[in-house]
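Have a look at the structure below, then the notes.
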Amino acid sequence: MGRFSRSIALAKESFAVLKSHPGLAWFPIISATVTVLLSIVFFVPVFLATGGHNLESLPKAIGYPVMFAFYMISYFVVIFFNAGLVSCAHDSLMGRPTSFNQGLSNAVRHLPAILGWTLIAATVGMVLHIISERVGLVGKIVVAVIGGAWNIVTFFVVPVVAVEHGSPIAAVKKSGSLLRKTWGENLIGSGGIGLALFLLMLMPVIPFVAVCFTGMPVLIMAVLGLSVIYWLGLAAAGASLQGVYRTALYIYAETGEVPQAFNRDAIVSAFQARQKGKFVGYFRGR
């Protein structure tokens with residue numbers, strides 16, 4: 001509970017960074033918009049060509065390449081704009097001026113590493129998808145666990161790629177190394193942000209349910225439209241907060257320096273070294 005409370009505090013400080021640099025929210029907004037457009041470009045023709053079915057109804061020799069192409073392009077869009085977001089957040093947390101255009105420029109400078117990481121991430125995602133198609137329920141659960149573990153190990157890859165110069169393989173190794181330094185805190189912090197966002201997402205539900213009893217279609221549609229806009233804005237803010245939080249973790253794990261926008265006591269206590277005999281330390285000692 002103590003660690004979770006600290007992570008909530010760090011999430012609030014991440015929001016303060018976002019509030020002072022609202023342009024950070026443009027990265028997830030543009031990323032989501034482009035991803036939706038790509039999905040339409042890819043899957044509407046498939047829907048029409050298969051008579052209302054999906055990629056799985058196509059021959060594997062056609063379906064798998066199309067799916068991998070979609071994985072590559074959609075992963076690239078997400079990773080590219082996340083790299084831009086992390087770059088801006090890193091500059092801001094280090095006390096340097098930043099802007100949306102600077103974030104994009106930095107992402108372009110790191111394009112080879114971003115493309116390399118896109119290839120790795122898309123390949124892993126594709127392999128897990130194919131395996132999931134061919135196994136039963138237990139196998140699907142195992143694949144989900146493996147996918148979750150992969151996401152944890154690669155938690156810091158985008159910050160490493162966006163800030164440092166190196167290969168994507170080196171970024172994966174560096175991510176694992178940084179993860180061992182901050183074990184648990186990144187997950188707990190992300191959970192704290194996720195919980196806060198979930199509670200905020202529930203806010204429009206009660207007004208919407210209330211207007212549904214009025215029987216007034218115009219009012220119902222108006223409240224629904226406002227709720228959708230609110231949820232989209234909240235999703236963009238949440239993605240931005242995750243990027244800021246992840247960058248703050250990366251800075252402290254990499255340099256030992258507390259970002260200027262964060263409380264020193266909170267972040268230092270949140271990143272105390274793991275004690276021997278507790279979980280990871282316990283198993284290492286066996």
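Residue names in the structure tokens use chain letters A, B, ... in the order shown, residue numbers from 1 in each chain, and ligand numbers from 1 in the order shown.
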| Do you know which residues are at most 10 Å from A:Val161 counting only C-alpha atoms, after dropping those on the same chain fewer than 4 positions away, and could you put them as number ranges by chain? | A: 79, 83, 86-87, 107, 110-114, 117, 156-157, 165-168, 170-172, 174-175
| message | Residues near A:Met67, anyone? I mean within 8 Å using only C-alpha atoms, not counting same-chain ones fewer than 3 positions away, as an MDAnalysis selection string. | response | chainID A and resid 55 63:64 70:71 126
Any chance you could export the current selection's C-alpha atoms as an mmCIF file, in the first residue's frame?
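For reference, result25.cif as written:
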```
data_model
loop_
_atom_site.group_PDB
_atom_site.id
_atom_site.type_symbol
_atom_site.label_atom_id
_atom_site.label_comp_id
_atom_site.auth_asym_id
_atom_site.auth_seq_id
_atom_site.Cartn_x
_atom_site.Cartn_y
_atom_site.Cartn_z
ATOM 1 C CA LEU A 55 -8.498 -11.931 -42.250
ATOM 2 C CA GLY A 63 -3.807 -13.451 -44.640
ATOM 3 C CA TYR A 64 -0.550 -13.714 -42.695
ATOM 4 C CA PHE A 70 -0.680 -4.164 -40.648
ATOM 5 C CA TYR A 71 1.281 -5.046 -37.485
ATOM 6 C CA MET A 126 2.595 -11.854 -34.970
#
```
| What separation in Å, quoted to one decimal, exists between atom CA of A:Leu226 and atom CA of A:Leu200? | 14.3 Å
| task | Could you tell me which of A:Thr118, A:Thr214, A:Ser240, A:Ser92 comes closest to A:Val78 if we count only C-alpha atoms? | result |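 Checking each candidate against A:Val78, we get A:Thr118 as the closest.
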| Pairwise distance for atom CA of A:Val127 and atom CA of A:Ala144, rounded to one decimal in Å |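 Interatomic distance, atom CA of A:Val127 to atom CA of A:Ala144: 12.1 Å.
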| task | Mind checking which residues fall within 7 Å of stretch 10-15 of chain A, counting only C-alpha atoms, ignoring those fewer than 6 positions away in the same chain, and posting them as a list in words? | result | Gly189, Ile193, Leu241, Val244, Tyr245, Ala261 and Phe262 of chain A
| Which is closest to A:Gly95 among A:Val205, A:Ala149, A:Ile30, A:Val17, if we use only C-alpha atoms? | A:Val17
| task | Measuring atom to atom with only C-alpha atoms, identify which of A:Leu249, A:Ala210, A:Ala196, A:Ile220 is nearest to A:Ile8. | result | A:Ala196
| message | Would you compute the distance between atom CA of A:Ala122 and atom CA of A:Met72? Give it in Å to one decimal. | response |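 Calculated distance between atom CA of A:Ala122 and atom CA of A:Met72 is 5.5 Å.
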| task | Would you list the contacts of A:Ala69 as a list in words, taking every protein, DNA or RNA residue within 12 Å and counting only C-alpha atoms, but skipping same-chain residues closer than 6 positions in sequence? | result | Leu38, Ser39, Phe42, Phe43, Ile62, Gly63, Tyr75, Phe76, Thr118, Leu119, Ala122, Thr123, Gly125 and Met126 of chain A
| request: Write out as number ranges by chain the residues lying within 12 Å of A:Ile131, counting only C-alpha atoms and excluding same-chain residues fewer than 2 positions away. | output: A: 124-129, 133-144, 146-147
Could you pull the residues within 8 Å of A:Leu85, counting only C-alpha atoms, minus those fewer than 3 positions along the same chain, as a compact mmCIF listing (two decimals) with N, CA and C atoms, in the first residue's frame?
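Final output, saved to result_36.txt:
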```txt
# COMPACT_ATOMS: atom_id res chain seq x y z
N LEU A 24 1.94 17.78 -25.19
CA LEU A 24 2.31 16.36 -25.15
C LEU A 24 1.14 15.47 -25.55
N PHE A 27 0.63 13.89 -29.22
CA PHE A 27 1.26 12.66 -29.72
C PHE A 27 0.29 11.47 -29.70
N PHE A 81 5.34 7.89 -32.49
CA PHE A 81 4.77 9.01 -31.72
C PHE A 81 5.05 8.86 -30.23
N ASN A 82 5.15 7.63 -29.73
CA ASN A 82 5.56 7.46 -28.34
C ASN A 82 6.99 7.95 -28.13
N CYS A 88 10.03 14.66 -25.73
CA CYS A 88 9.58 15.93 -25.17
C CYS A 88 9.53 15.86 -23.65
N ALA A 89 9.00 14.75 -23.13
CA ALA A 89 8.91 14.60 -21.68
C ALA A 89 10.30 14.60 -21.06
N GLY A 103 9.94 17.14 -30.61
CA GLY A 103 9.72 15.72 -30.36
C GLY A 103 9.68 14.92 -31.65
N SER A 240 -0.57 10.17 -22.39
CA SER A 240 0.48 11.16 -22.13
C SER A 240 1.06 10.99 -20.74
N GLY A 243 3.41 8.14 -20.63
CA GLY A 243 4.68 8.49 -21.24
C GLY A 243 5.56 9.31 -20.31
N VAL A 244 4.96 10.29 -19.63
CA VAL A 244 5.71 11.12 -18.69
C VAL A 244 6.22 10.28 -17.52
```
| task | Identify which of the residues A:Leu104, A:Val46, A:Val223, A:Ala162 lies closest to A:Thr247, counting only C-alpha atoms when measuring atom-to-atom distances. | result |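 Of all the options, A:Ala162 lies closest to A:Thr247.
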